[in-house]
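Listing of protein.cif; format and content: mmCIF, C-alpha atoms and all ligand atoms.
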data_data
#
loop_
_atom_site.label_atom_id
_atom_site.label_comp_id
_atom_site.auth_asym_id
_atom_site.auth_seq_id
_atom_site.Cartn_x
_atom_site.Cartn_y
_atom_site.Cartn_z
CA MET M 1 -15.65 37.70 -43.54
CA ARG M 2 -14.86 34.22 -42.43
CA PHE M 3 -16.35 31.69 -40.09
CA TYR M 4 -13.61 29.52 -38.66
CA MET M 5 -14.67 26.97 -36.06
CA PRO M 6 -12.49 23.94 -36.73
CA VAL M 7 -13.76 21.95 -33.73
CA ARG M 8 -15.64 18.68 -34.05
CA LEU M 9 -18.33 19.52 -31.53
CA PHE M 10 -20.80 17.17 -29.90
CA ASP M 11 -23.40 18.76 -27.63
CA GLU M 12 -25.53 15.92 -26.32
CA GLU M 13 -26.25 13.72 -23.31
CA GLU M 14 -23.58 11.13 -22.49
CA CYS M 15 -21.45 12.35 -25.36
CA VAL M 16 -18.17 11.12 -23.84
CA LYS M 17 -19.44 7.54 -23.81
CA LYS M 18 -21.20 7.89 -27.16
CA HIS M 19 -18.01 9.06 -28.86
CA ALA M 20 -15.62 6.67 -27.12
CA ALA M 21 -14.34 5.24 -30.40
CA GLU M 22 -13.48 8.70 -31.70
CA ILE M 23 -11.61 9.56 -28.49
CA ALA M 24 -9.67 6.31 -28.72
CA ALA M 25 -8.66 7.09 -32.31
CA PHE M 26 -6.53 10.05 -31.15
CA GLY M 27 -3.57 7.86 -30.20
CA LYS M 28 -2.10 5.36 -27.78
CA LYS M 29 -1.51 7.62 -24.80
CA ALA M 30 -3.37 10.62 -23.44
CA LEU M 31 -2.52 13.29 -20.91
CA ILE M 32 -5.63 14.23 -18.93
CA VAL M 33 -5.45 17.79 -17.59
CA THR M 34 -7.82 18.80 -14.79
CA GLY M 35 -8.18 21.11 -11.82
CA LYS M 36 -7.67 19.80 -8.33
CA SER M 37 -11.06 18.35 -7.54
CA SER M 38 -14.20 19.12 -9.59
CA ALA M 39 -13.48 16.63 -12.41
CA PHE M 40 -13.39 13.90 -9.77
CA ARG M 41 -16.72 14.98 -8.26
CA ASN M 42 -18.84 15.63 -11.35
CA GLY M 43 -18.23 12.31 -13.08
CA SER M 44 -16.27 13.68 -16.05
CA PHE M 45 -12.92 12.13 -15.09
CA GLU M 46 -14.61 8.81 -14.39
CA ASP M 47 -16.30 8.85 -17.82
CA VAL M 48 -13.11 9.79 -19.67
CA SER M 49 -10.78 7.42 -17.84
CA GLY M 50 -13.35 4.63 -18.24
CA VAL M 51 -13.55 5.18 -21.97
CA LEU M 52 -9.75 5.17 -22.27
CA LYS M 53 -9.37 2.04 -20.15
CA ASP M 54 -12.05 0.18 -22.12
CA ALA M 55 -10.26 1.08 -25.36
CA GLY M 56 -6.83 0.06 -24.03
CA ILE M 57 -5.50 3.63 -24.28
CA GLY M 58 -2.95 4.59 -21.63
CA TYR M 59 -3.10 7.92 -19.84
CA GLU M 60 -1.26 10.18 -17.46
CA LEU M 61 -3.06 12.58 -15.17
CA PHE M 62 -2.04 16.15 -14.41
CA SER M 63 -4.52 17.45 -11.84
CA GLU M 64 -2.66 20.54 -10.67
CA VAL M 65 -4.27 23.27 -12.71
CA GLU M 66 -5.19 26.20 -10.48
CA GLU M 67 -7.76 28.96 -11.09
CA ASN M 68 -6.28 31.37 -13.64
CA PRO M 69 -3.52 28.91 -14.55
CA SER M 70 -0.01 30.23 -14.71
CA THR M 71 2.70 29.66 -17.26
CA ASP M 72 4.61 28.00 -14.38
CA THR M 73 1.93 25.29 -14.27
CA VAL M 74 2.16 24.77 -18.02
CA PHE M 75 5.91 24.23 -17.81
CA LYS M 76 5.58 21.99 -14.77
CA ALA M 77 3.40 19.69 -16.89
CA LYS M 78 5.97 19.88 -19.67
CA GLU M 79 8.73 18.85 -17.29
CA LEU M 80 6.69 15.94 -15.96
CA PHE M 81 5.43 14.56 -19.26
CA ALA M 82 7.85 15.59 -22.01
CA GLU M 83 9.30 12.08 -22.08
CA ALA M 84 6.02 10.23 -21.48
CA GLY M 85 5.10 9.59 -25.11
CA ILE M 86 1.90 11.63 -24.98
CA ASP M 87 -0.09 11.57 -28.25
CA PHE M 88 -2.96 13.84 -27.26
CA VAL M 89 -4.21 16.02 -24.41
CA ILE M 90 -7.67 15.97 -22.84
CA GLY M 91 -8.64 19.11 -20.91
CA ILE M 92 -11.51 18.56 -18.48
CA GLY M 93 -12.97 21.38 -16.43
CA GLY M 94 -13.74 25.04 -16.64
CA GLY M 95 -11.68 27.48 -18.65
CA SER M 96 -8.61 27.01 -16.48
CA PRO M 97 -7.89 23.32 -17.24
CA MET M 98 -9.01 23.69 -20.87
CA ASP M 99 -6.79 26.73 -21.44
CA ALA M 100 -3.90 25.03 -19.67
CA ALA M 101 -4.45 21.88 -21.76
CA LYS M 102 -4.03 23.90 -24.97
CA ALA M 103 -0.78 25.50 -23.81
CA ILE M 104 0.52 22.15 -22.52
CA ALA M 105 -0.32 20.52 -25.88
CA LEU M 106 1.72 23.26 -27.56
CA VAL M 107 4.81 22.95 -25.37
CA LEU M 108 4.77 19.14 -25.42
CA LYS M 109 4.95 19.34 -29.21
CA HIS M 110 7.98 21.65 -29.05
CA PRO M 111 10.66 20.41 -26.63
CA GLU M 112 12.59 23.66 -27.05
CA ALA M 113 9.63 25.84 -25.99
CA ASP M 114 10.13 28.26 -23.10
CA ILE M 115 7.83 31.02 -21.82
CA ASP M 116 8.80 33.35 -24.69
CA TYR M 117 7.64 30.70 -27.17
CA LEU M 118 4.04 31.20 -25.95
CA TYR M 119 4.23 34.91 -26.77
CA ASP M 120 6.28 34.85 -30.00
CA LYS M 121 4.14 35.01 -33.13
CA THR M 122 7.03 33.84 -35.31
CA LYS M 123 7.09 30.40 -33.63
CA ASP M 124 5.35 27.29 -34.97
CA PRO M 125 1.84 27.26 -33.43
CA SER M 126 1.14 23.57 -34.04
CA ALA M 127 0.27 21.52 -30.96
CA LEU M 128 -0.64 17.96 -30.00
CA PRO M 129 -4.35 17.29 -30.63
CA VAL M 130 -6.59 18.53 -27.83
CA ILE M 131 -9.98 17.25 -26.68
CA CYS M 132 -11.96 19.58 -24.42
CA ILE M 133 -14.73 18.59 -22.04
CA PRO M 134 -16.26 21.61 -20.29
CA THR M 135 -17.59 21.23 -16.76
CA SER M 136 -18.56 24.86 -16.29
CA CYS M 137 -20.72 27.05 -18.46
CA GLY M 138 -18.92 30.26 -19.28
CA THR M 139 -15.53 30.27 -20.84
CA GLY M 140 -16.39 28.71 -24.18
CA SER M 141 -12.80 27.51 -24.27
CA GLU M 142 -14.05 24.28 -25.88
CA VAL M 143 -14.64 26.17 -29.14
CA THR M 144 -11.86 28.75 -29.13
CA GLY M 145 -8.15 28.68 -29.81
CA ILE M 146 -7.57 31.03 -26.88
CA SER M 147 -5.49 30.14 -23.85
CA VAL M 148 -5.41 32.82 -21.17
CA LEU M 149 -2.53 32.33 -18.77
CA THR M 150 -1.35 34.12 -15.66
CA ARG M 151 2.14 35.52 -15.96
CA HIS M 152 3.51 36.09 -12.48
CA ASP M 153 6.51 37.85 -14.02
CA LYS M 154 4.10 40.50 -15.43
CA LYS M 155 1.57 40.29 -12.58
CA THR M 156 -1.43 39.82 -14.89
CA LYS M 157 -3.21 37.41 -17.23
CA ILE M 158 -2.32 37.40 -20.93
CA SER M 159 -3.59 35.22 -23.78
CA MET M 160 -1.00 33.09 -25.49
CA VAL M 161 -0.43 34.46 -29.01
CA HIS M 162 -0.87 31.05 -30.66
CA MET M 163 -4.33 29.72 -31.42
CA VAL M 164 -4.77 26.13 -30.32
CA PHE M 165 -8.29 25.02 -31.18
CA PRO M 166 -9.44 21.72 -29.70
CA THR M 167 -9.76 19.06 -32.38
CA MET M 168 -12.87 17.74 -30.66
CA SER M 169 -15.09 18.97 -27.84
CA LEU M 170 -17.72 17.06 -25.91
CA VAL M 171 -20.40 19.15 -24.21
CA ASP M 172 -22.76 17.51 -21.72
CA GLY M 173 -24.96 19.45 -19.28
CA LYS M 174 -24.70 16.67 -16.71
CA TYR M 175 -21.20 17.81 -15.76
CA ILE M 176 -22.55 20.98 -14.14
CA ARG M 177 -25.08 19.13 -11.95
CA SER M 178 -22.76 19.39 -8.96
CA ALA M 179 -21.42 22.86 -9.77
CA SER M 180 -21.88 25.48 -7.04
CA LYS M 181 -24.31 28.34 -7.53
CA SER M 182 -21.45 30.83 -7.56
CA LEU M 183 -19.60 28.92 -10.29
CA ILE M 184 -22.77 28.83 -12.41
CA VAL M 185 -23.36 32.56 -11.92
CA ASN M 186 -19.76 33.52 -12.64
CA SER M 187 -19.68 31.36 -15.73
CA ALA M 188 -23.02 32.56 -17.06
CA VAL M 189 -22.05 36.23 -16.65
CA ASP M 190 -18.77 35.50 -18.43
CA ALA M 191 -20.77 33.96 -21.29
CA LEU M 192 -23.06 37.01 -21.41
CA ALA M 193 -20.00 39.27 -21.58
CA HIS M 194 -18.56 37.17 -24.40
CA MET M 195 -21.71 37.75 -26.43
CA PHE M 196 -22.02 41.48 -25.72
CA GLU M 197 -18.32 42.13 -26.25
CA SER M 198 -18.06 40.17 -29.48
CA ALA M 199 -21.17 41.85 -30.91
CA LEU M 200 -19.55 45.23 -30.13
CA ASN M 201 -16.04 44.19 -31.18
CA ALA M 202 -14.51 46.11 -34.09
CA LYS M 203 -14.06 42.82 -35.93
CA THR M 204 -17.66 41.72 -35.49
CA ASP M 205 -19.54 40.48 -38.54
CA ALA M 206 -22.73 38.73 -39.61
CA TYR M 207 -21.42 35.34 -38.49
CA VAL M 208 -20.54 36.62 -35.04
CA HIS M 209 -24.02 38.13 -34.77
CA MET M 210 -25.45 34.75 -35.76
CA THR M 211 -23.80 32.97 -32.82
CA VAL M 212 -24.50 35.85 -30.42
CA SER M 213 -28.15 35.86 -31.35
CA ALA M 214 -28.45 32.08 -31.01
CA GLY M 215 -26.56 32.15 -27.69
CA LEU M 216 -28.69 34.92 -26.17
CA LYS M 217 -31.84 32.97 -27.08
CA GLN M 218 -30.58 30.18 -24.81
CA TRP M 219 -29.16 32.52 -22.15
CA ILE M 220 -32.36 34.51 -21.59
CA LYS M 221 -34.21 31.34 -20.61
CA ILE M 222 -31.92 30.61 -17.65
CA LYS M 223 -31.90 34.07 -16.04
CA GLY M 224 -34.35 32.89 -13.38
CA VAL M 225 -31.88 30.22 -12.29
CA LEU M 226 -29.14 32.83 -11.87
CA THR M 227 -31.28 35.16 -9.79
CA GLY M 228 -32.40 32.26 -7.60
CA GLU M 229 -36.05 32.38 -8.67
CA ARG M 230 -35.93 28.67 -9.42
CA GLU M 231 -33.63 25.67 -9.19
CA ALA M 232 -31.80 24.55 -12.34
CA SER M 233 -33.41 21.69 -14.23
CA GLU M 234 -31.62 19.30 -16.61
CA GLU M 235 -32.95 21.42 -19.47
CA ASP M 236 -31.54 24.59 -17.84
CA ARG M 237 -28.12 22.95 -17.59
CA ARG M 238 -28.23 22.03 -21.26
CA LEU M 239 -29.23 25.60 -22.17
CA LEU M 240 -26.48 27.06 -20.00
CA MET M 241 -23.83 24.90 -21.60
CA ARG M 242 -25.16 25.65 -25.07
CA ALA M 243 -25.27 29.41 -24.44
CA SER M 244 -21.70 29.26 -23.22
CA THR M 245 -20.53 27.28 -26.25
CA LEU M 246 -22.27 29.67 -28.66
CA ALA M 247 -20.74 32.59 -26.75
CA GLY M 248 -17.36 30.90 -27.13
CA MET M 249 -17.90 30.66 -30.89
CA SER M 250 -18.65 34.38 -30.89
CA ILE M 251 -15.31 35.29 -29.29
CA ALA M 252 -13.53 32.74 -31.48
CA GLY M 253 -14.77 34.84 -34.40
CA CYS M 254 -13.53 38.21 -33.22
CA GLY M 255 -12.21 38.21 -29.65
CA THR M 256 -13.45 40.00 -26.54
CA ALA M 257 -13.40 43.74 -25.89
CA LEU M 258 -12.83 46.23 -23.09
CA PRO M 259 -14.55 44.53 -20.12
CA HIS M 260 -12.28 41.51 -20.53
CA ALA M 261 -9.16 43.64 -20.98
CA LEU M 262 -10.10 45.65 -17.88
CA SER M 263 -10.93 42.58 -15.80
CA TYR M 264 -7.52 40.96 -15.65
CA ILE M 265 -5.94 43.25 -13.05
CA LEU M 266 -9.06 42.93 -10.83
CA THR M 267 -8.63 39.19 -10.92
CA TYR M 268 -4.89 39.33 -10.33
CA ASP M 269 -4.88 41.95 -7.56
CA LEU M 270 -8.18 41.22 -5.80
CA GLY M 271 -8.65 37.55 -6.62
CA LEU M 272 -12.09 38.25 -8.13
CA PRO M 273 -13.47 35.34 -10.17
CA HIS M 274 -13.26 36.02 -13.90
CA GLY M 275 -17.03 36.38 -14.48
CA ARG M 276 -17.41 38.77 -11.58
CA ALA M 277 -14.43 40.87 -12.67
CA VAL M 278 -15.76 41.12 -16.22
CA GLY M 279 -19.29 41.79 -14.96
CA TYR M 280 -18.00 44.76 -12.96
CA PHE M 281 -17.30 46.69 -16.17
CA LEU M 282 -20.15 45.34 -18.30
CA PRO M 283 -22.89 47.90 -17.46
CA SER M 284 -20.64 50.94 -18.01
CA PHE M 285 -19.31 49.40 -21.22
CA MET M 286 -22.86 48.89 -22.50
CA ALA M 287 -23.74 52.45 -21.45
CA ALA M 288 -20.89 53.73 -23.65
CA ALA M 289 -22.03 51.73 -26.71
CA PRO M 290 -24.19 53.25 -29.45
CA GLN M 291 -27.81 53.22 -28.32
CA GLU M 292 -29.26 51.19 -31.16
CA GLN M 293 -26.79 48.31 -30.79
CA ARG M 294 -26.96 48.47 -27.02
CA ASP M 295 -30.76 48.26 -26.98
CA VAL M 296 -30.85 45.28 -29.35
CA LEU M 297 -28.36 43.32 -27.22
CA LEU M 298 -29.90 44.20 -23.87
CA LYS M 299 -33.38 43.32 -25.11
CA ALA M 300 -32.16 39.98 -26.48
CA ALA M 301 -30.79 39.17 -23.03
CA GLY M 302 -34.01 40.29 -21.32
CA PHE M 303 -32.88 43.66 -19.92
CA ALA M 304 -34.90 46.82 -20.49
CA ASP M 305 -31.87 49.04 -20.06
CA VAL M 306 -28.39 49.33 -18.53
CA ALA M 307 -29.86 49.98 -15.08
CA GLU M 308 -31.65 46.63 -15.22
CA LEU M 309 -28.44 44.87 -16.23
CA LYS M 310 -26.66 46.55 -13.32
CA ALA M 311 -29.43 45.56 -10.89
CA PHE M 312 -29.25 41.97 -12.14
CA LEU M 313 -25.48 41.84 -11.57
CA ASP M 314 -25.87 43.34 -8.08
CA THR M 315 -28.48 40.67 -7.33
CA VAL M 316 -26.40 37.72 -8.47
CA PHE M 317 -23.02 38.91 -7.15
CA GLY M 318 -23.86 41.40 -4.43
CA ARG M 319 -22.51 44.93 -4.76
CA GLN M 320 -18.85 44.96 -5.66
CA GLU M 321 -16.52 47.70 -4.46
CA VAL M 322 -13.12 48.04 -6.11
CA PRO M 323 -10.38 50.16 -4.45
CA GLU M 324 -9.51 53.35 -6.27
CA ASN M 325 -5.84 52.39 -6.70
CA VAL M 326 -6.81 49.17 -8.50
CA LEU M 327 -9.15 51.06 -10.84
CA ALA M 328 -6.41 53.61 -11.53
CA LYS M 329 -3.95 50.85 -12.34
CA THR M 330 -6.47 49.20 -14.66
CA PHE M 331 -7.19 52.49 -16.41
CA GLU M 332 -3.48 53.18 -16.93
CA ALA M 333 -2.83 49.68 -18.27
CA VAL M 334 -5.64 49.71 -20.83
CA LYS M 335 -5.38 53.34 -21.98
CA HIS M 336 -2.01 52.51 -23.57
CA ASN M 337 -3.33 49.32 -25.20
CA THR M 338 -4.21 50.67 -28.64
CA ALA M 339 -5.45 47.30 -29.88
CA LYS M 340 -8.05 47.23 -27.10
CA MET M 341 -8.87 50.96 -27.30
CA ASN M 342 -9.52 50.61 -31.05
CA GLY M 343 -11.07 47.18 -30.71
CA VAL M 344 -14.72 48.18 -30.40
CA VAL M 345 -17.33 49.38 -32.88
CA PHE M 346 -17.46 52.85 -31.32
CA PRO M 347 -14.61 55.30 -30.78
CA VAL M 348 -13.02 55.11 -27.34
CA ASP M 349 -10.81 57.90 -26.08
CA GLU M 350 -9.42 58.37 -22.58
CA ASN M 351 -12.60 60.12 -21.41
CA ILE M 352 -14.83 57.30 -22.54
CA LEU M 353 -12.48 54.71 -21.05
CA HIS M 354 -12.53 56.68 -17.80
CA GLY M 355 -16.33 56.48 -17.80
CA ILE M 356 -16.21 52.70 -18.37
CA VAL M 357 -13.65 52.13 -15.62
CA TYR M 358 -15.23 54.40 -13.00
CA GLY M 359 -18.87 53.72 -13.92
FE FE T 1 -14.23 35.35 -20.41
#
Please render this file's structure as structure tokens.
Amino acid sequence: MRFYMPVRLFDEEECVKKHAAEIAAFGKKALIVTGKSSAFRNGSFEDVSGVLKDAGIGYELFSEVEENPSTDTVFKAKELFAEAGIDFVIGIGGGSPMDAAKAIALVLKHPEADIDYLYDKTKDPSALPVICIPTSCGTGSEVTGISVLTRHDKKTKISMVHMVFPTMSLVDGKYIRSASKSLIVNSAVDALAHMFESALNAKTDAYVHMTVSAGLKQWIKIKGVLTGEREASEEDRRLLMRASTLAGMSIAGCGTALPHALSYILTYDLGLPHGRAVGYFLPSFMAAAPQEQRDVLLKAAGFADVAELKAFLDTVFGRQEVPENVLAKTFEAVKHNTAKMNGVVFPVDENILHGIVYG
């Protein structure tokens, strides 16, 4: 067993400003990587750029990261900033900008890198230092080395093979104050899936269970916000962010499982948000899991059984229909993926996979 979480993590109010000196110590010039707009609305870009300006650190801004960022976007940033003397990369946003920031930090370190570099295990995985500042509450990218990228040449999303952990991450609930309800729900369901899938991952261990258990204790308290029973308070936002970060640590320990593997084609073909696509397969995945483990996890998240989980997801997302041809394509893609088929604590054959895909 091992517990590898090499991220200097600060989870506290105003942590960007409080740790300004540590941010400034990363170098003389930063590349700030964001999505198109949210970092400029929620105050995170203002905080980060203010800290850099006050410390006399220069920065460039790349604000073109799209949802489900593509390798094309990563190489566009490389083209723009390869000669800019960047010392470190700051990813601000949800999973998309943070994942893109990791890949950009890798390719800026290696001028020769092309798309194959991202998927070649024999290549040097070292990257420029990365700071992550999450402004959503689901991906956990701030504590993982994972960078999931869209490959238009393969028409799906695939994680880069290299692990690029942030050197430092700054987690502050205030950055989700202006987040939409749908972003919160999508992110929180993604976080829930991270915890369930890592607990049921073939590589799970006592340390993964430690972070899952701690994360679910936070997550259960904010269910009422997700179902619309009450408005989110500052405390709820802190709990959401913390649940997401603990869920991220869980997948950093052992990776995700079948719902994530199955979700990528739904996102690519139907444009479903990541949390919603993963949530589609979560009830049937839990139904396939051994009863004892399933019951412990569901209870820890406040669900009496799989039907209650399904009802919760229908409430927060509305009922989701997926065309038969997309399900068939998903089934075909994953049934040949032996790593994913063997990647859970219970045996999965084609019949069981069929049950998970078709519900
Ligand atoms: Fe996820």
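Checking M:Ala193, M:Ile32, M:Ala300, M:Met241 one by one against ligand FE 1 (chain T), counting only C-alpha atoms and all ligand atoms, you find the shortest gap at M:Ala193.
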Please provide as JSON, numbers by chain all residues within 10 Å of stretch 4-18 of chain M, with the sequence filter that same-chain residues fewer than 5 positions apart are discarded (counting only C-alpha atoms). {"M": [23, 44, 47, 48, 50, 51, 130, 131, 132, 133, 142, 143, 144, 145, 165, 166, 167, 168, 169, 170, 171, 172, 173, 174, 175, 207, 238, 241, 242, 245, 249, 250, 252, 253]}
Okay, now the selection with C-alpha atoms, as a short mmCIF file (atom, residue, chain, number, x, y, z; two decimals), keeping the file's coordinate frame?
data_model
loop_
_atom_site.label_atom_id
_atom_site.label_comp_id
_atom_site.auth_asym_id
_atom_site.auth_seq_id
_atom_site.Cartn_x
_atom_site.Cartn_y
_atom_site.Cartn_z
CA ILE M 23 -11.61 9.56 -28.49
CA SER M 44 -16.27 13.68 -16.05
CA ASP M 47 -16.30 8.85 -17.82
CA VAL M 48 -13.11 9.79 -19.67
CA GLY M 50 -13.35 4.63 -18.24
CA VAL M 51 -13.55 5.18 -21.97
CA VAL M 130 -6.59 18.53 -27.83
CA ILE M 131 -9.98 17.25 -26.68
CA CYS M 132 -11.96 19.58 -24.42
CA ILE M 133 -14.73 18.59 -22.04
CA GLU M 142 -14.05 24.28 -25.88
CA VAL M 143 -14.64 26.17 -29.14
CA THR M 144 -11.86 28.75 -29.13
CA GLY M 145 -8.15 28.68 -29.81
CA PHE M 165 -8.29 25.02 -31.18
CA PRO M 166 -9.44 21.72 -29.70
CA THR M 167 -9.76 19.06 -32.38
CA MET M 168 -12.87 17.74 -30.66
CA SER M 169 -15.09 18.97 -27.84
CA LEU M 170 -17.72 17.06 -25.91
CA VAL M 171 -20.40 19.15 -24.21
CA ASP M 172 -22.76 17.51 -21.72
CA GLY M 173 -24.96 19.45 -19.28
CA LYS M 174 -24.70 16.67 -16.71
CA TYR M 175 -21.20 17.81 -15.76
CA TYR M 207 -21.42 35.34 -38.49
CA ARG M 238 -28.23 22.03 -21.26
CA MET M 241 -23.83 24.90 -21.60
CA ARG M 242 -25.16 25.65 -25.07
CA THR M 245 -20.53 27.28 -26.25
CA MET M 249 -17.90 30.66 -30.89
CA SER M 250 -18.65 34.38 -30.89
CA ALA M 252 -13.53 32.74 -31.48
CA GLY M 253 -14.77 34.84 -34.40
#
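Among M:Gly215, M:Gly271, M:Gly138, M:Gly228, the residue with the shortest atom-to-atom distance to ligand FE 1 (chain T), counting all atoms listed in the file, is M:Gly138.
Distance annotation: of M:Asp72, M:Asp305, M:Asp116, M:Glu197, the residue with the minimal separation from ligand FE 1 (chain T) is M:Glu197; atom set is all atoms listed in the file.
Between ligand FE 1 (chain T) and the candidates M:Ala191, M:Ile265, M:Ala301, M:Ile222, the tightest atom-to-atom separation, counting only C-alpha atoms and all ligand atoms, involves M:Ala191.
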Please, which residues in chain M fall within 9 Å of ligand FE 1 (chain T) when counting all atoms listed in the file, and what is the closest atom pair and distance in Å to one decimal for each, ordered by chain then residue number, as CSV?
residue,atom,partner,partner_atom,distance
M:Gly95,CA,T:FE1,FE,8.5
M:Gly138,CA,T:FE1,FE,7.0
M:Thr139,CA,T:FE1,FE,5.3
M:Gly140,CA,T:FE1,FE,7.9
M:Ser141,CA,T:FE1,FE,8.9
M:Ser187,CA,T:FE1,FE,8.2
M:Val189,CA,T:FE1,FE,8.7
M:Asp190,CA,T:FE1,FE,5.0
M:Ala191,CA,T:FE1,FE,6.7
M:Ala193,CA,T:FE1,FE,7.1
M:His194,CA,T:FE1,FE,6.2
M:Gly248,CA,T:FE1,FE,8.6
M:Ile251,CA,T:FE1,FE,8.9
M:Thr256,CA,T:FE1,FE,7.7
M:His260,CA,T:FE1,FE,6.5
M:His274,CA,T:FE1,FE,6.6
M:Gly275,CA,T:FE1,FE,6.6
M:Val278,CA,T:FE1,FE,7.3
Nearest to M:Ser96, restricted to all atoms listed in the file and choosing among M:Gly27, M:Pro129, M:Pro259, M:Pro273, comes out as M:Pro273
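Summary of the local environment: counting all atoms listed in the file, residues at most 10 Å from M:Ser38, other than itself and those fewer than 5 positions away along its chain, are Gly43, Ser44, Phe45, Ile92, Gly93, Gly94, Thr135, Ser136, Tyr175, Ile176, Ser178 and Ala179 of chain M.
Candidate residues M:Ala261, M:Val161, M:Val148, M:Ala24 were compared for distance to M:Asp124, and the nearest is M:Val161, using only C-alpha atoms.
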Determine, counting all atoms listed in the file, every residue of protein, DNA or RNA that lies within 8 Å of (1.4, 21.1, -28.8) in the file coordinates, then give the result as a ChimeraX atom specification. /M:102-110,125-129
As a check of understanding: the span from atom CA of M:Asp120 to atom CA of M:Lys157 is 16.1 Å
As a PyMOL selection string, please: the residues near M:Val334 (cut-off 10 Å, only C-alpha atoms, same-chain neighbours under 4 positions excluded). chain M and resi 258+261-262+329-330+338-341+350+353+357
Reconstruct stretch 341-356 of chain M at the level of N, CA and C atoms, and format the result as a compact mmCIF listing (two decimals), in the coordinates of the input.
# COMPACT_ATOMS: atom_id res chain seq x y z
N MET M 341 -8.17 49.68 -27.19
CA MET M 341 -8.87 50.96 -27.30
C MET M 341 -9.57 51.08 -28.66
N ASN M 342 -8.92 50.54 -29.71
CA ASN M 342 -9.52 50.61 -31.05
C ASN M 342 -10.33 49.37 -31.39
N GLY M 343 -10.48 48.50 -30.41
CA GLY M 343 -11.07 47.18 -30.71
C GLY M 343 -12.57 47.09 -30.57
N VAL M 344 -13.26 48.23 -30.51
CA VAL M 344 -14.72 48.18 -30.40
C VAL M 344 -15.36 48.97 -31.53
N VAL M 345 -16.67 48.76 -31.74
CA VAL M 345 -17.33 49.38 -32.88
C VAL M 345 -17.54 50.88 -32.72
N PHE M 346 -17.30 51.41 -31.52
CA PHE M 346 -17.46 52.85 -31.32
C PHE M 346 -16.13 53.44 -30.87
N PRO M 347 -15.90 54.71 -31.15
CA PRO M 347 -14.61 55.30 -30.78
C PRO M 347 -14.45 55.40 -29.26
N VAL M 348 -13.29 55.02 -28.79
CA VAL M 348 -13.02 55.11 -27.34
C VAL M 348 -11.78 55.97 -27.14
N ASP M 349 -11.97 57.10 -26.46
CA ASP M 349 -10.81 57.90 -26.08
C ASP M 349 -10.63 57.77 -24.56
N GLU M 350 -9.69 58.51 -24.03
CA GLU M 350 -9.42 58.37 -22.58
C GLU M 350 -10.63 58.72 -21.72
N ASN M 351 -11.40 59.72 -22.18
CA ASN M 351 -12.60 60.12 -21.41
C ASN M 351 -13.62 59.00 -21.34
N ILE M 352 -13.84 58.38 -22.50
CA ILE M 352 -14.83 57.30 -22.54
C ILE M 352 -14.33 56.13 -21.72
N LEU M 353 -13.04 55.81 -21.84
CA LEU M 353 -12.48 54.71 -21.05
C LEU M 353 -12.63 55.01 -19.55
N HIS M 354 -12.39 56.26 -19.20
CA HIS M 354 -12.53 56.68 -17.80
C HIS M 354 -13.95 56.40 -17.31
N GLY M 355 -14.92 56.73 -18.15
CA GLY M 355 -16.33 56.48 -17.80
C GLY M 355 -16.61 54.99 -17.64
N ILE M 356 -15.99 54.16 -18.48
CA ILE M 356 -16.21 52.70 -18.37
C ILE M 356 -15.56 52.16 -17.09
